[in-house]
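Take a look at the structure below.
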Amino acid sequence: MNETIMKLIEENRYKDVRNEITEMNIVDIAHLLMELDKKKLLILFRILPKEIAAGVFSYISLELQQYIIESITDREINNIVSELFLDDAVDFLEEMPSNVVKKVLRNTDEETRKLINQFLNYPDYSAGSVMTIEFVDLKKQMTVKEALNHIRATGIDKETINTCYVIDKGRKLEGVLSIRKLILADEDTIIDDIMDVDVIYANTLDDQETIASLFKKYDLTALPVVDNENRLVGIVTIDDIIDIIDQENTEDLHKMAAMEPLEEEYLKTSAFVLAKHRIVWLLILMISATFTGNIIKRYEELLQSMVVLTAFIPMIMDTGGNAGSQSSTLIIRGMALGEIRTSDVLKVFFKELKVSLIAGTTLALVNFARLVFFERIDIAISAMVCFSLLLTVILAKMVGSILPIAAKKIRLDPAIMAGPLITTIVDAVALSIYFGIASKFLNI
């Protein structure tokens with residue numbers, strides 16, 4: 001279908017394009033628009049029916065959203081914003097420059113403008129900033145028949161009707177009810193008799209990571225959000241949670257690679273900005289690596305008297321770094337998934353100790369055989385190197401597992417205690433162990 005539409009666009013047959021495109025899914029329409037040059041994109045966007053245009057708008061890139069808003073009339077802006085779900089409108093405005101925000105707010109009705117401003121005042125990455133107010137609310141004294149009639153009358157404007165929320169006159173949350181349970185109940189049944197009063201909910205100021213963990217733990221598709229007085233003010237839906245999880249995972253991956261998280265897509269970010277996000281951590285790691293150099297300088301006499309020891313430095317350092325990175329990655333991911341808590345520090349310590357003993361002993365034995373039988377290294381020297389390797393693996397795994405938990409304990413992101421930083425720390429530890437054992441062995 002995309003090829004057909006592209007051909008119609010090239011022939012300027014926009015009436016036929018409109019007929020074809022309105023049969024497509026709005027996500028596919030958005031992807032199609034993003035493949036066009038800006039002039040044709042704007043023409044195509046303007047010929048879309050109002051309700052479809054708003055849906056498509058929420059799925060196109062921020063850059064093109066800004067271009068469209070700056071190019072269309074005030075009336076068209078009002079049409080888009082009035083059709084957008086409030087959370088989509090807020091997400092869009094949060095990323096726009098002030099002149100675009102002012103233009104949009106100027107062309108919305110007073111009630112919508114007030115709601116948008118309220119949402120924009122919630123802290124970034126909080127439940128309040130990602131929730132929507134388009135939900136179905138019921139009263140507990142309603143009958144099932146009255147509730148279904150209410151949903152038919154108001155549900156068209158709601159983001160979801162799969163879960164309904166029961167509130168009192170003061171809008172305090174009293175219970176929840178699935179549409180499935182409602183449909184299957186007798187029409188004369190009172191809502192109070194079938195609603196679930198054990199409600200899982202969040203506060204407007206809760207962090208979005210906390211919200212995502214609730215969705216995972218309780219297998220939710222929507223979560224009510226209340227204020228400090230337990231009044232229902234909105235809901236968070238699963239589509240927003242997927243975006244949050246994607247955003248949080250991306251941020252953690254960037255931090256684990258020792259760089260500041262990017263706000264924009266890689267290809268749309270300038271080389272200067274990319275460098276700026278990386279250079280700080282590169283400088284920190286470079287300076288911290290001088291400790292490794294100082295350790296080697298300290299043992300110059302040892303290396304001069306036993307040059308063969310130099311050949312094993314890369315193996316000791318690399319194995320230690322890899323062992324530490326393995327542990328830190330597992331612990332960081334486990335903490336992100338809620339599988340590991342800071343109170344589990346002793347359990348983690350002893351488990352990683354067992355793992356390190358098994359892994360370190362295996363590596364040491366294999367390496368000992370390689371050095372003695374294939375490289376013909378003296379047995380005593382081989383034993384010393386492999387014992388250093390064993391201790392390095394043990395300490396590397398201890399460092400790699402405990403540091404992320406310690407970071408969490410002092411309210412730092414555990415992701416910063418990942419590969420590059422752990423490797424730098426372990427390198428210094430590994431060399432200290434290696435040279436310390438070698439100097440004792442050789443009496444130097």
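Ordering of the structure tokens sets the chain letters (A, B, ...); residue numbers start at 1 within each chain; ligands are numbered from 1 in the order shown.
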
For the interface of segment 91-180 of chain A with segment 43-67 of chain A (cut-off 12 Å, counting only C-alpha atoms), please tabulate each contacting residue of segment 91-180 of chain A alongside its nearest pair of atoms and their separation in Å to one decimal, rows sorted by chain and increasing number, as a tab-separated table.
residue	atom	partner	partner_atom	distance
A:Asp91	CA	A:Ser58	CA	9.0
A:Phe92	CA	A:Leu62	CA	7.2
A:Leu93	CA	A:Gln66	CA	9.4
A:Glu94	CA	A:Leu62	CA	10.3
A:Glu95	CA	A:Leu62	CA	7.4
A:Met96	CA	A:Gln66	CA	6.9
A:Pro97	CA	A:Gln66	CA	8.7
A:Ser98	CA	A:Gln66	CA	11.2
A:Asn99	CA	A:Gln66	CA	10.2
A:Val100	CA	A:Gln66	CA	7.1
A:Val101	CA	A:Gln66	CA	9.7
A:Lys103	CA	A:Gln66	CA	10.9
A:Val104	CA	A:Gln66	CA	10.5
A:Asp157	CA	A:Glu51	CA	11.3
A:Glu159	CA	A:Gly55	CA	11.8

Write the residues of the preceding selection, restricted to N, CA, C and O atoms, as an mmCIF file, in the first residue's frame.
data_model
loop_
_atom_site.group_PDB
_atom_site.id
_atom_site.type_symbol
_atom_site.label_atom_id
_atom_site.label_comp_id
_atom_site.auth_asym_id
_atom_site.auth_seq_id
_atom_site.Cartn_x
_atom_site.Cartn_y
_atom_site.Cartn_z
ATOM 1 N N ASP A 91 3.101 15.262 26.802
ATOM 2 C CA ASP A 91 4.381 14.684 26.380
ATOM 3 C C ASP A 91 4.993 15.487 25.241
ATOM 4 O O ASP A 91 6.209 15.731 25.215
ATOM 5 N N PHE A 92 4.167 15.886 24.324
ATOM 6 C CA PHE A 92 4.621 16.684 23.176
ATOM 7 C C PHE A 92 5.130 18.055 23.622
ATOM 8 O O PHE A 92 6.221 18.486 23.260
ATOM 9 N N LEU A 93 4.352 18.738 24.463
ATOM 10 C CA LEU A 93 4.706 20.097 24.888
ATOM 11 C C LEU A 93 5.944 20.123 25.778
ATOM 12 O O LEU A 93 6.699 21.105 25.777
ATOM 13 N N GLU A 94 6.171 19.059 26.546
ATOM 14 C CA GLU A 94 7.341 19.013 27.428
ATOM 15 C C GLU A 94 8.649 19.089 26.653
ATOM 16 O O GLU A 94 9.662 19.541 27.183
ATOM 17 N N GLU A 95 8.631 18.652 25.396
ATOM 18 C CA GLU A 95 9.855 18.615 24.597
ATOM 19 C C GLU A 95 9.984 19.788 23.627
ATOM 20 O O GLU A 95 10.976 19.901 22.913
ATOM 21 N N MET A 96 8.982 20.669 23.600
ATOM 22 C CA MET A 96 8.964 21.769 22.635
ATOM 23 C C MET A 96 9.587 23.048 23.211
ATOM 24 O O MET A 96 9.522 23.278 24.421
ATOM 25 N N PRO A 97 10.177 23.883 22.347
ATOM 26 C CA PRO A 97 10.663 25.192 22.811
ATOM 27 C C PRO A 97 9.503 26.079 23.257
ATOM 28 O O PRO A 97 8.348 25.847 22.875
ATOM 29 N N SER A 98 9.817 27.110 24.034
ATOM 30 C CA SER A 98 8.772 27.929 24.660
ATOM 31 C C SER A 98 7.856 28.603 23.645
ATOM 32 O O SER A 98 6.654 28.749 23.891
ATOM 33 N N ASN A 99 8.388 29.011 22.485
ATOM 34 C CA ASN A 99 7.539 29.690 21.497
ATOM 35 C C ASN A 99 6.463 28.760 20.936
ATOM 36 O O ASN A 99 5.329 29.179 20.691
ATOM 37 N N VAL A 100 6.801 27.473 20.782
ATOM 38 C CA VAL A 100 5.823 26.494 20.298
ATOM 39 C C VAL A 100 4.777 26.219 21.383
ATOM 40 O O VAL A 100 3.577 26.146 21.101
ATOM 41 N N VAL A 101 5.236 26.081 22.633
ATOM 42 C CA VAL A 101 4.312 25.843 23.752
ATOM 43 C C VAL A 101 3.317 26.996 23.859
ATOM 44 O O VAL A 101 2.109 26.777 24.015
ATOM 45 N N LYS A 103 2.346 29.032 21.522
ATOM 46 C CA LYS A 103 1.438 29.032 20.371
ATOM 47 C C LYS A 103 0.336 27.995 20.559
ATOM 48 O O LYS A 103 -0.838 28.260 20.253
ATOM 49 N N VAL A 104 0.706 26.830 21.079
ATOM 50 C CA VAL A 104 -0.284 25.776 21.300
ATOM 51 C C VAL A 104 -1.269 26.179 22.395
ATOM 52 O O VAL A 104 -2.496 26.067 22.221
ATOM 53 N N ASP A 157 -14.522 9.137 24.427
ATOM 54 C CA ASP A 157 -13.449 10.107 24.665
ATOM 55 C C ASP A 157 -12.410 9.614 25.666
ATOM 56 O O ASP A 157 -11.506 10.375 26.027
ATOM 57 N N GLU A 159 -9.294 7.138 27.108
ATOM 58 C CA GLU A 159 -8.151 6.419 26.555
ATOM 59 C C GLU A 159 -8.342 4.914 26.657
ATOM 60 O O GLU A 159 -7.877 4.156 25.814
#

(request) Name the residues in contact with Lys158 of chain A at a cut-off of 9 Å, using only C-alpha atoms, excluding same-chain residues fewer than 5 positions from it; report them as a ChimeraX atom specification. (result) /A:85,133-136

(request) Quick one: pick out all alpha helix (DSSP H) residues within segment 173-270 of chain A from a backbone DSSP run and write them as a PyMOL selection string. (result) chain A and resi 179-184+191-194+208-218+238-256

Can you write out the residues you just picked, keeping N, CA and C atoms, as a short mmCIF file (atom, residue, chain, number, x, y, z; two decimals), in the first residue's frame?
data_model
loop_
_atom_site.label_atom_id
_atom_site.label_comp_id
_atom_site.auth_asym_id
_atom_site.auth_seq_id
_atom_site.Cartn_x
_atom_site.Cartn_y
_atom_site.Cartn_z
N ILE A 179 -14.21 -4.17 32.74
CA ILE A 179 -15.34 -4.14 31.82
C ILE A 179 -15.88 -5.57 31.60
N ARG A 180 -15.00 -6.54 31.67
CA ARG A 180 -15.42 -7.95 31.52
C ARG A 180 -16.38 -8.35 32.63
N LYS A 181 -16.02 -8.02 33.87
CA LYS A 181 -16.86 -8.34 35.01
C LYS A 181 -18.18 -7.60 34.94
N LEU A 182 -18.13 -6.39 34.42
CA LEU A 182 -19.33 -5.57 34.31
C LEU A 182 -20.29 -6.15 33.29
N ILE A 183 -19.77 -6.55 32.15
CA ILE A 183 -20.61 -7.08 31.08
C ILE A 183 -21.25 -8.41 31.48
N LEU A 184 -20.50 -9.22 32.22
CA LEU A 184 -20.99 -10.55 32.59
C LEU A 184 -21.96 -10.52 33.78
N ILE A 191 -23.05 -1.83 41.69
CA ILE A 191 -21.59 -1.78 41.50
C ILE A 191 -20.85 -2.08 42.80
N ASP A 192 -21.39 -1.60 43.92
CA ASP A 192 -20.75 -1.80 45.22
C ASP A 192 -20.57 -3.28 45.54
N ASP A 193 -21.45 -4.13 44.99
CA ASP A 193 -21.42 -5.56 45.29
C ASP A 193 -20.39 -6.33 44.46
N ILE A 194 -19.95 -5.76 43.35
CA ILE A 194 -19.04 -6.51 42.47
C ILE A 194 -17.69 -5.82 42.27
N GLN A 208 8.55 7.33 38.01
CA GLN A 208 8.03 6.47 36.94
C GLN A 208 8.63 5.06 36.99
N GLU A 209 9.83 4.90 37.52
CA GLU A 209 10.40 3.56 37.67
C GLU A 209 9.58 2.74 38.66
N THR A 210 9.11 3.40 39.73
CA THR A 210 8.25 2.73 40.70
C THR A 210 6.95 2.29 40.05
N ILE A 211 6.40 3.15 39.20
CA ILE A 211 5.16 2.84 38.48
C ILE A 211 5.36 1.62 37.58
N ALA A 212 6.48 1.61 36.85
CA ALA A 212 6.76 0.49 35.95
C ALA A 212 6.87 -0.83 36.73
N SER A 213 7.50 -0.77 37.91
CA SER A 213 7.64 -2.00 38.71
C SER A 213 6.29 -2.50 39.21
N LEU A 214 5.34 -1.60 39.48
CA LEU A 214 4.00 -2.01 39.88
C LEU A 214 3.28 -2.72 38.73
N PHE A 215 3.43 -2.20 37.52
CA PHE A 215 2.82 -2.84 36.34
C PHE A 215 3.35 -4.25 36.18
N LYS A 216 4.66 -4.42 36.35
CA LYS A 216 5.27 -5.74 36.19
C LYS A 216 4.84 -6.68 37.30
N LYS A 217 4.86 -6.18 38.54
CA LYS A 217 4.55 -7.03 39.69
C LYS A 217 3.12 -7.53 39.68
N TYR A 218 2.17 -6.65 39.33
CA TYR A 218 0.75 -7.01 39.40
C TYR A 218 0.12 -7.29 38.04
N ILE A 238 -0.71 1.15 29.91
CA ILE A 238 0.41 0.27 29.57
C ILE A 238 1.25 0.83 28.41
N ASP A 239 0.64 1.58 27.47
CA ASP A 239 1.42 2.12 26.36
C ASP A 239 2.44 3.13 26.86
N ASP A 240 2.08 3.90 27.90
CA ASP A 240 3.04 4.84 28.48
C ASP A 240 4.13 4.10 29.24
N ILE A 241 3.78 3.00 29.88
CA ILE A 241 4.77 2.23 30.63
C ILE A 241 5.80 1.61 29.69
N ILE A 242 5.37 1.15 28.53
CA ILE A 242 6.32 0.60 27.55
C ILE A 242 7.34 1.66 27.16
N ASP A 243 6.87 2.88 26.93
CA ASP A 243 7.77 3.98 26.61
C ASP A 243 8.73 4.27 27.76
N ILE A 244 8.22 4.22 28.99
CA ILE A 244 9.04 4.48 30.17
C ILE A 244 10.12 3.42 30.31
N ILE A 245 9.75 2.15 30.15
CA ILE A 245 10.71 1.05 30.27
C ILE A 245 11.80 1.19 29.21
N ASP A 246 11.40 1.54 27.99
CA ASP A 246 12.35 1.74 26.92
C ASP A 246 13.31 2.88 27.26
N GLN A 247 12.76 3.96 27.78
CA GLN A 247 13.56 5.13 28.16
C GLN A 247 14.53 4.80 29.30
N GLU A 248 14.04 4.09 30.33
CA GLU A 248 14.88 3.75 31.47
C GLU A 248 15.98 2.77 31.07
N ASN A 249 15.65 1.79 30.23
CA ASN A 249 16.65 0.83 29.78
C ASN A 249 17.74 1.51 28.97
N THR A 250 17.33 2.44 28.09
CA THR A 250 18.30 3.17 27.28
C THR A 250 19.21 4.00 28.17
N GLU A 251 18.63 4.66 29.16
CA GLU A 251 19.42 5.48 30.09
C GLU A 251 20.42 4.62 30.85
N ASP A 252 19.99 3.45 31.32
CA ASP A 252 20.89 2.57 32.05
C ASP A 252 22.02 2.05 31.16
N LEU A 253 21.70 1.71 29.91
CA LEU A 253 22.73 1.23 28.99
C LEU A 253 23.78 2.30 28.74
N HIS A 254 23.33 3.55 28.59
CA HIS A 254 24.27 4.65 28.39
C HIS A 254 25.18 4.82 29.60
N LYS A 255 24.59 4.76 30.78
CA LYS A 255 25.39 4.92 32.00
C LYS A 255 26.35 3.75 32.19
N MET A 256 25.90 2.55 31.82
CA MET A 256 26.77 1.38 31.94
C MET A 256 27.94 1.43 30.98
#

(request) Using DSSP on the backbone coordinates, identify the residues of segment 126-331 of chain A assigned to strand (DSSP E); present them as a VMD selection string. (result) chain A and resid 136 to 138 163 to 167 173 to 178 202 to 203 222 to 226 232 to 237

(request) Tell me which of A:Ile77, A:Leu105, A:Ala153, A:Leu36 sits closest to Asn117 of chain A, counting only C-alpha atoms. (result) A:Leu105

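Our summary of the geometry notes that atom CA of Phe272 of chain A is positioned 20.0 Å from atom CA of Leu285 of chain A.
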
Tell me, as an mmCIF file with C-alpha atoms, in the first residue's frame, which residues lie within 10 Å of Gly293 of chain A, counting only C-alpha atoms; anything in the same chain fewer than 4 positions away does not count.
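Output saved as selection_0.cif:
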data_model
loop_
_atom_site.group_PDB
_atom_site.id
_atom_site.type_symbol
_atom_site.label_atom_id
_atom_site.label_comp_id
_atom_site.auth_asym_id
_atom_site.auth_seq_id
_atom_site.Cartn_x
_atom_site.Cartn_y
_atom_site.Cartn_z
ATOM 1 C CA SER A 288 41.802 7.026 37.493
ATOM 2 C CA ALA A 289 43.838 4.725 35.239
ATOM 3 C CA LYS A 297 56.190 2.019 38.347
ATOM 4 C CA ARG A 298 56.337 0.931 41.968
ATOM 5 C CA ALA A 428 44.413 -1.584 40.023
ATOM 6 C CA LEU A 431 48.021 -5.540 39.604
#

(message) What does the structure give for the distance between atom CA of Gln118 of chain A and atom CA of Val90 of chain A, in Å to one decimal?
(response) 9.8 Å

(request) Could you check how far atom CA of Leu220 of chain A sits from atom CA of Leu138 of chain A, in Å to one decimal? (result) 19.7 Å

Give me the residues near segment 340-349 of chain A as an mmCIF file with all heavy atoms, in the first residue's frame, where near means some atom within 10 Å (using only C-alpha atoms) and where sequence neighbours in that chain fewer than 3 positions away do not count.
data_model
loop_
_atom_site.group_PDB
_atom_site.id
_atom_site.type_symbol
_atom_site.label_atom_id
_atom_site.label_comp_id
_atom_site.auth_asym_id
_atom_site.auth_seq_id
_atom_site.Cartn_x
_atom_site.Cartn_y
_atom_site.Cartn_z
ATOM 1 N N SER A 327 29.758 -9.749 37.015
ATOM 2 C CA SER A 327 29.016 -9.639 38.279
ATOM 3 C C SER A 327 28.224 -8.344 38.347
ATOM 4 O O SER A 327 27.047 -8.340 38.722
ATOM 5 C CB SER A 327 29.988 -9.717 39.463
ATOM 6 O OG SER A 327 30.600 -10.979 39.521
ATOM 7 N N LEU A 330 25.059 -8.402 36.124
ATOM 8 C CA LEU A 330 23.983 -9.229 36.679
ATOM 9 C C LEU A 330 23.311 -8.544 37.867
ATOM 10 O O LEU A 330 22.081 -8.548 37.986
ATOM 11 C CB LEU A 330 24.529 -10.586 37.118
ATOM 12 C CG LEU A 330 24.784 -11.619 36.011
ATOM 13 C CD1 LEU A 330 25.448 -12.848 36.591
ATOM 14 C CD2 LEU A 330 23.480 -12.009 35.331
ATOM 15 N N ILE A 331 24.110 -7.941 38.732
ATOM 16 C CA ILE A 331 23.555 -7.303 39.926
ATOM 17 C C ILE A 331 22.751 -6.061 39.548
ATOM 18 O O ILE A 331 21.642 -5.838 40.060
ATOM 19 C CB ILE A 331 24.671 -6.933 40.925
ATOM 20 C CG1 ILE A 331 25.432 -8.186 41.361
ATOM 21 C CG2 ILE A 331 24.080 -6.211 42.139
ATOM 22 C CD1 ILE A 331 24.561 -9.289 41.913
ATOM 23 N N ILE A 332 23.268 -5.256 38.640
ATOM 24 C CA ILE A 332 22.564 -4.042 38.204
ATOM 25 C C ILE A 332 21.229 -4.401 37.568
ATOM 26 O O ILE A 332 20.196 -3.784 37.842
ATOM 27 C CB ILE A 332 23.437 -3.225 37.219
ATOM 28 C CG1 ILE A 332 24.625 -2.613 37.970
ATOM 29 C CG2 ILE A 332 22.627 -2.118 36.545
ATOM 30 C CD1 ILE A 332 25.693 -2.048 37.060
ATOM 31 N N ARG A 333 21.242 -5.422 36.716
ATOM 32 C CA ARG A 333 20.000 -5.835 36.063
ATOM 33 C C ARG A 333 19.028 -6.408 37.084
ATOM 34 O O ARG A 333 17.814 -6.150 37.026
ATOM 35 C CB ARG A 333 20.298 -6.873 34.968
ATOM 36 C CG ARG A 333 19.095 -7.193 34.083
ATOM 37 C CD ARG A 333 18.557 -5.961 33.427
ATOM 38 N NE ARG A 333 17.361 -6.217 32.647
ATOM 39 C CZ ARG A 333 16.475 -5.298 32.320
ATOM 40 N NH1 ARG A 333 16.654 -4.050 32.713
ATOM 41 N NH2 ARG A 333 15.405 -5.592 31.600
ATOM 42 N N GLY A 334 19.538 -7.199 38.023
ATOM 43 C CA GLY A 334 18.674 -7.759 39.059
ATOM 44 C C GLY A 334 18.030 -6.683 39.916
ATOM 45 O O GLY A 334 16.856 -6.784 40.285
ATOM 46 N N MET A 335 18.775 -5.625 40.209
ATOM 47 C CA MET A 335 18.229 -4.519 40.988
ATOM 48 C C MET A 335 17.189 -3.745 40.180
ATOM 49 O O MET A 335 16.167 -3.314 40.709
ATOM 50 C CB MET A 335 19.356 -3.584 41.436
ATOM 51 C CG MET A 335 20.305 -4.231 42.427
ATOM 52 S SD MET A 335 21.710 -3.190 42.876
ATOM 53 C CE MET A 335 20.899 -2.025 43.969
ATOM 54 N N ALA A 336 17.441 -3.589 38.881
ATOM 55 C CA ALA A 336 16.485 -2.881 38.022
ATOM 56 C C ALA A 336 15.165 -3.631 37.932
ATOM 57 O O ALA A 336 14.093 -3.019 37.841
ATOM 58 C CB ALA A 336 17.080 -2.677 36.628
ATOM 59 N N LEU A 337 15.222 -4.953 37.964
ATOM 60 C CA LEU A 337 14.012 -5.779 37.877
ATOM 61 C C LEU A 337 13.361 -6.008 39.240
ATOM 62 O O LEU A 337 12.328 -6.661 39.335
ATOM 63 C CB LEU A 337 14.341 -7.128 37.233
ATOM 64 C CG LEU A 337 14.796 -7.087 35.770
ATOM 65 C CD1 LEU A 337 15.238 -8.469 35.315
ATOM 66 C CD2 LEU A 337 13.685 -6.556 34.868
ATOM 67 N N GLU A 352 28.269 -14.729 45.184
ATOM 68 C CA GLU A 352 29.350 -14.382 44.255
ATOM 69 C C GLU A 352 30.676 -14.963 44.724
ATOM 70 O O GLU A 352 31.553 -15.260 43.903
ATOM 71 C CB GLU A 352 29.452 -12.863 44.124
ATOM 72 C CG GLU A 352 28.362 -12.246 43.267
ATOM 73 C CD GLU A 352 28.360 -12.759 41.831
ATOM 74 O OE1 GLU A 352 29.426 -12.746 41.186
ATOM 75 O OE2 GLU A 352 27.300 -13.214 41.369
ATOM 76 N N LEU A 353 30.839 -15.124 46.034
ATOM 77 C CA LEU A 353 32.058 -15.758 46.538
ATOM 78 C C LEU A 353 32.142 -17.199 46.040
ATOM 79 O O LEU A 353 33.200 -17.661 45.584
ATOM 80 C CB LEU A 353 32.073 -15.719 48.075
ATOM 81 C CG LEU A 353 33.286 -16.355 48.757
ATOM 82 C CD1 LEU A 353 34.576 -15.669 48.338
ATOM 83 C CD2 LEU A 353 33.128 -16.313 50.286
ATOM 84 N N LYS A 354 31.023 -17.917 46.116
ATOM 85 C CA LYS A 354 30.995 -19.302 45.613
ATOM 86 C C LYS A 354 31.269 -19.347 44.112
ATOM 87 O O LYS A 354 32.042 -20.175 43.626
ATOM 88 C CB LYS A 354 29.628 -19.933 45.914
ATOM 89 C CG LYS A 354 29.345 -20.143 47.389
ATOM 90 C CD LYS A 354 27.915 -20.657 47.597
ATOM 91 C CE LYS A 354 27.557 -20.741 49.067
ATOM 92 N NZ LYS A 354 26.143 -21.149 49.277
ATOM 93 N N VAL A 355 30.611 -18.421 43.384
ATOM 94 C CA VAL A 355 30.799 -18.385 41.930
ATOM 95 C C VAL A 355 32.262 -18.097 41.596
ATOM 96 O O VAL A 355 32.854 -18.725 40.708
ATOM 97 C CB VAL A 355 29.885 -17.303 41.292
ATOM 98 C CG1 VAL A 355 30.218 -17.110 39.816
ATOM 99 C CG2 VAL A 355 28.424 -17.684 41.453
ATOM 100 N N LYS A 397 35.029 -10.176 41.397
ATOM 101 C CA LYS A 397 33.598 -10.481 41.505
ATOM 102 C C LYS A 397 32.999 -9.875 42.776
ATOM 103 O O LYS A 397 31.829 -9.481 42.789
ATOM 104 C CB LYS A 397 33.360 -11.990 41.435
ATOM 105 C CG LYS A 397 33.566 -12.548 40.025
ATOM 106 C CD LYS A 397 32.981 -13.905 39.854
ATOM 107 C CE LYS A 397 33.039 -14.363 38.394
ATOM 108 N NZ LYS A 397 32.164 -13.551 37.519
ATOM 109 N N MET A 398 33.781 -9.810 43.833
ATOM 110 C CA MET A 398 33.302 -9.150 45.048
ATOM 111 C C MET A 398 33.063 -7.654 44.794
ATOM 112 O O MET A 398 32.028 -7.101 45.156
ATOM 113 C CB MET A 398 34.320 -9.319 46.184
ATOM 114 C CG MET A 398 34.522 -10.748 46.673
ATOM 115 S SD MET A 398 33.012 -11.504 47.345
ATOM 116 C CE MET A 398 32.432 -12.442 45.935
ATOM 117 N N VAL A 399 34.040 -7.027 44.172
ATOM 118 C CA VAL A 399 33.921 -5.593 43.850
ATOM 119 C C VAL A 399 32.757 -5.352 42.897
ATOM 120 O O VAL A 399 31.939 -4.446 43.086
ATOM 121 C CB VAL A 399 35.238 -5.059 43.243
ATOM 122 C CG1 VAL A 399 35.049 -3.647 42.690
ATOM 123 C CG2 VAL A 399 36.344 -5.061 44.275
ATOM 124 N N SER A 401 30.066 -7.021 42.412
ATOM 125 C CA SER A 401 28.732 -7.295 42.959
ATOM 126 C C SER A 401 28.342 -6.331 44.069
ATOM 127 O O SER A 401 27.168 -5.992 44.215
ATOM 128 C CB SER A 401 28.654 -8.737 43.468
ATOM 129 O OG SER A 401 29.632 -8.962 44.482
ATOM 130 N N ILE A 402 29.316 -5.883 44.858
ATOM 131 C CA ILE A 402 29.002 -5.047 46.022
ATOM 132 C C ILE A 402 28.896 -3.565 45.667
ATOM 133 O O ILE A 402 28.040 -2.856 46.219
ATOM 134 C CB ILE A 402 30.060 -5.251 47.134
ATOM 135 C CG1 ILE A 402 30.073 -6.710 47.584
ATOM 136 C CG2 ILE A 402 29.783 -4.329 48.320
ATOM 137 C CD1 ILE A 402 28.730 -7.227 48.053
ATOM 138 N N PRO A 404 27.612 -1.863 43.011
ATOM 139 C CA PRO A 404 26.280 -1.387 42.597
ATOM 140 C C PRO A 404 25.294 -1.287 43.757
ATOM 141 O O PRO A 404 24.487 -0.351 43.822
ATOM 142 C CB PRO A 404 25.823 -2.447 41.576
ATOM 143 C CG PRO A 404 27.091 -3.039 41.056
ATOM 144 C CD PRO A 404 28.013 -3.053 42.230
ATOM 145 N N ILE A 405 25.366 -2.245 44.690
ATOM 146 C CA ILE A 405 24.475 -2.205 45.858
ATOM 147 C C ILE A 405 24.837 -1.024 46.747
ATOM 148 O O ILE A 405 23.950 -0.323 47.267
ATOM 149 C CB ILE A 405 24.556 -3.532 46.640
ATOM 150 C CG1 ILE A 405 24.081 -4.694 45.763
ATOM 151 C CG2 ILE A 405 23.731 -3.462 47.917
ATOM 152 C CD1 ILE A 405 24.194 -6.056 46.412
ATOM 153 N N ALA A 406 26.142 -0.774 46.913
ATOM 154 C CA ALA A 406 26.581 0.371 47.711
ATOM 155 C C ALA A 406 26.123 1.683 47.081
ATOM 156 O O ALA A 406 25.702 2.613 47.784
ATOM 157 C CB ALA A 406 28.106 0.353 47.839
ATOM 158 N N ALA A 407 26.175 1.745 45.740
ATOM 159 C CA ALA A 407 25.724 2.955 45.038
ATOM 160 C C ALA A 407 24.241 3.204 45.286
ATOM 161 O O ALA A 407 23.813 4.331 45.545
ATOM 162 C CB ALA A 407 25.997 2.814 43.539
ATOM 163 N N LYS A 408 23.453 2.135 45.211
ATOM 164 C CA LYS A 408 22.014 2.246 45.468
ATOM 165 C C LYS A 408 21.755 2.709 46.897
ATOM 166 O O LYS A 408 20.848 3.519 47.149
ATOM 167 C CB LYS A 408 21.349 0.887 45.223
ATOM 168 C CG LYS A 408 19.833 0.885 45.405
ATOM 169 C CD LYS A 408 19.141 1.563 44.255
ATOM 170 C CE LYS A 408 17.640 1.373 44.333
ATOM 171 N NZ LYS A 408 16.930 2.030 43.230
ATOM 172 N N LYS A 409 22.558 2.216 47.834
ATOM 173 C CA LYS A 409 22.383 2.554 49.247
ATOM 174 C C LYS A 409 22.589 4.045 49.496
ATOM 175 O O LYS A 409 21.913 4.649 50.335
ATOM 176 C CB LYS A 409 23.373 1.736 50.079
ATOM 177 C CG LYS A 409 23.136 1.796 51.585
ATOM 178 C CD LYS A 409 21.868 1.051 51.974
ATOM 179 C CE LYS A 409 21.696 1.006 53.487
ATOM 180 N NZ LYS A 409 20.420 0.365 53.873
#

(request) Measuring atom to atom with only C-alpha atoms, identify which of A:Lys172, A:Lys145, A:Lys276, A:Arg13 is nearest to Glu229 of chain A. (result) A:Lys172

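Comparing the minimum interatomic distances between Val385 of chain A and each of A:Leu363, A:Leu403, A:Leu309, A:Ile235, counting only C-alpha atoms, we find that A:Leu309 sits nearest.
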
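With only C-alpha atoms as the atoms that count, the residue of A:Val393, A:Ile69, A:Ile296, A:Leu223 with the shortest distance to Met131 of chain A is A:Leu223.
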